[in-house]
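Student: A single structure is presented below for examination.
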Amino acid sequence: MPLPLSRLAEIVAFLRGRYASFERFLPRDLSTYQGLRKALQSLLSFYEGEGLPLAVKRDIDALLSEEAAERGSFDPLTLPLSSLPKTAYWKGDIRRVASDAIVFSVNPSLEGSLVPGDTSLEAQIQAAVGPSFKESLRALKDAGKSQEKPLGTACVLPSRNIPSSKLIAVTVPKVEVRVTERDEKALRQAYWNALSAAEMHHLRSVAFSSLATGGNRYPYREAARIASDAVEIYHSRHEKAPIVVFVLPDEKQYDYYEELLR
């Protein structure tokens with residue numbers, strides 16, 4: 001049963017009181033379900049990772065679980081394997097993939113997305129998973145000795161409200177003027193460490209987004225080459241490595257991987 005409009009309005013009102021200084025980021029019309037849903041997504045961008053009442057988190061989870069059911073799920077193990085062993089590729093929404101884990105980029109500060117309307121994959125996953133996403137990141141920060149994680153670090157997080165069983169967040173380089181040797185090394189390390197973390201957790205399948213592209217400005221074609229190369233080398237050295245599925249959101253990125261893997 002959908003979350004009642006009145007309850008959604010109560011949750012938005014609660015968060016508006018908590019984050020009153022961010023009122024300018026909210027949609028003007030808060031009388032409709034759609035407007036309230038957009039407001040909730042914006043307000044959760046500012047959530048620090050603690051302090052939400054259990055009843056509020058429960059109802060937000062119910063709403064997000066319903067949205068996940070509407071998106072549907074996709075079993076990546078039904079895909080034909082590519083020219084690389086234990087590797088496949090698919091065009092679609094990674095939030096729909098029912099793999100043991102999905103792998104995506106995060107910033108080294110582990111803050112999550114802080115910008116309302118952010119269209120990055122990290123922000124999309126944060127919005128789909130709900131409050132537990134930033135709670136998990138906060139727990140990692142609180143347990144760490146430094147404020148930032150080194151590039152290439154892979155962190156395994158619990159998943160919620162999407163089909164994947166786990167989340168693997170990896171810190172990746174941000175290209176400034178051109179790709180440097182340091183950038184390439186860090187991106188290779190991100191893929192390697194993500195696969196190592198998956199293997200340590202006995203995961204059979206992992207779905208990778210195109211790491212470090214988009215807002216991090218790594219060129220898509222070069223990123224695809226590094227990704228396929230890193231996965232091929234890892235599989236050649238680790239017999240129990242998980243099956244890898246590269247999940248691409250659009251035709252252009254899909255074509256880059258098809259060139260390498262068909």
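Labels for the structure tokens follow display order: chains A, B, ..., residues from 1 in each chain, ligands from 1.
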So which residues touch region 47-56 of chain A within 7 Å, counting only C-alpha atoms, skipping near sequence neighbours fewer than 6 positions away, as a list in words?
Tutor: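 Close residues of region 47-56 of chain A: Ile11, Pro131, Lys134, Glu135 and Arg138 of chain A.
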Student: For Glu66 (chain A), which residue among A:Lys91, A:Arg18, A:Arg160, A:Arg24 is the nearest when counting only C-alpha atoms?
Tutor: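 Closest to Glu66 (chain A), using only C-alpha atoms: A:Arg160.
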Student: Which residue is closest to Arg95 (chain A)? Choose from A:Leu63, A:Ala224, A:Leu248, A:Leu77 and count only C-alpha atoms.
Tutor: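 Using only C-alpha atoms, the shortest distance to Arg95 (chain A) belongs to A:Leu248.
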Student: Based on DSSP run over this structure's backbone, return all residues of region 13-148 of chain A in helix (DSSP H, G or I), as a ChimeraX atom specification.
Tutor: /A:13-18,20-25,33-45,54-71,76-78,94-96,121-129,131-143
Student: Restricting the calculation to only C-alpha atoms: of A:Ile60, A:Val170, A:Val12, A:Ala198, which residue gets closest to Ser109 (chain A)?
Tutor: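 Ranking A:Ile60, A:Val170, A:Val12, A:Ala198 by distance to Ser109 (chain A), first place goes to A:Val170.
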Student: Could you pull the residues within 8 Å of Ser105 (chain A), counting only C-alpha atoms, minus those fewer than 4 positions along the same chain, as a list of chain:residue names?
Tutor: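 After dropping sequence-adjacent residues, the list is A:Leu121, A:Glu122, A:Ala169, A:Val170, A:Thr171, A:Val172, A:Leu211, A:Ala212.
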Student: Residues of the last selection are to be written out with N, CA, C and O atoms, as a short mmCIF file (atom, residue, chain, number, x, y, z; two decimals), in the first residue's frame.
Tutor:
data_model
loop_
_atom_site.label_atom_id
_atom_site.label_comp_id
_atom_site.auth_asym_id
_atom_site.auth_seq_id
_atom_site.Cartn_x
_atom_site.Cartn_y
_atom_site.Cartn_z
N LEU A 121 25.48 9.03 -10.12
CA LEU A 121 25.03 7.70 -9.72
C LEU A 121 25.04 7.55 -8.21
O LEU A 121 24.15 6.93 -7.63
N GLU A 122 26.04 8.11 -7.55
CA GLU A 122 26.09 8.04 -6.09
C GLU A 122 24.82 8.64 -5.49
O GLU A 122 24.21 8.07 -4.58
N ALA A 169 31.36 0.68 -2.28
CA ALA A 169 31.69 2.06 -2.63
C ALA A 169 33.20 2.19 -2.75
O ALA A 169 33.93 1.75 -1.86
N VAL A 170 33.67 2.75 -3.85
CA VAL A 170 35.11 2.89 -4.06
C VAL A 170 35.46 4.35 -4.30
O VAL A 170 34.73 5.08 -4.97
N THR A 171 36.58 4.78 -3.74
CA THR A 171 37.05 6.14 -3.94
C THR A 171 37.89 6.18 -5.22
O THR A 171 38.75 5.33 -5.43
N VAL A 172 37.60 7.15 -6.07
CA VAL A 172 38.21 7.18 -7.40
C VAL A 172 38.82 8.55 -7.68
O VAL A 172 38.48 9.54 -7.03
N LEU A 211 33.21 3.54 -13.40
CA LEU A 211 33.82 4.27 -12.29
C LEU A 211 34.62 5.48 -12.78
O LEU A 211 35.31 5.42 -13.79
N ALA A 212 34.51 6.57 -12.02
CA ALA A 212 35.30 7.80 -12.19
C ALA A 212 34.91 8.63 -13.41
O ALA A 212 35.53 9.65 -13.69
#
Student: As a ChimeraX atom specification, please: the residues near Pro249 (chain A) (cut-off 10 Å, only C-alpha atoms, same-chain neighbours under 6 positions excluded).
Tutor: /A:90-94,121,209-210
Student: With only C-alpha atoms as the basis for distance, which of A:Asn216, A:Ser132, A:Ser73, A:Gln189 is at the shortest distance from Val97 (chain A)?
Tutor: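 Once distances to Val97 (chain A) are computed over only C-alpha atoms, the minimum belongs to A:Ser73.
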Student: For Ser164 (chain A), find every residue with an atom within 8 Å (counting only C-alpha atoms), except residues of its own chain fewer than 6 positions away, and show them as number ranges by chain.
Tutor: A: 95-102
Student: Ranking A:Gln124, A:Ser228, A:Thr153, A:Asn161 by minimum distance to Ser196 (chain A) and counting only C-alpha atoms, which one comes first?
Tutor: A:Thr153
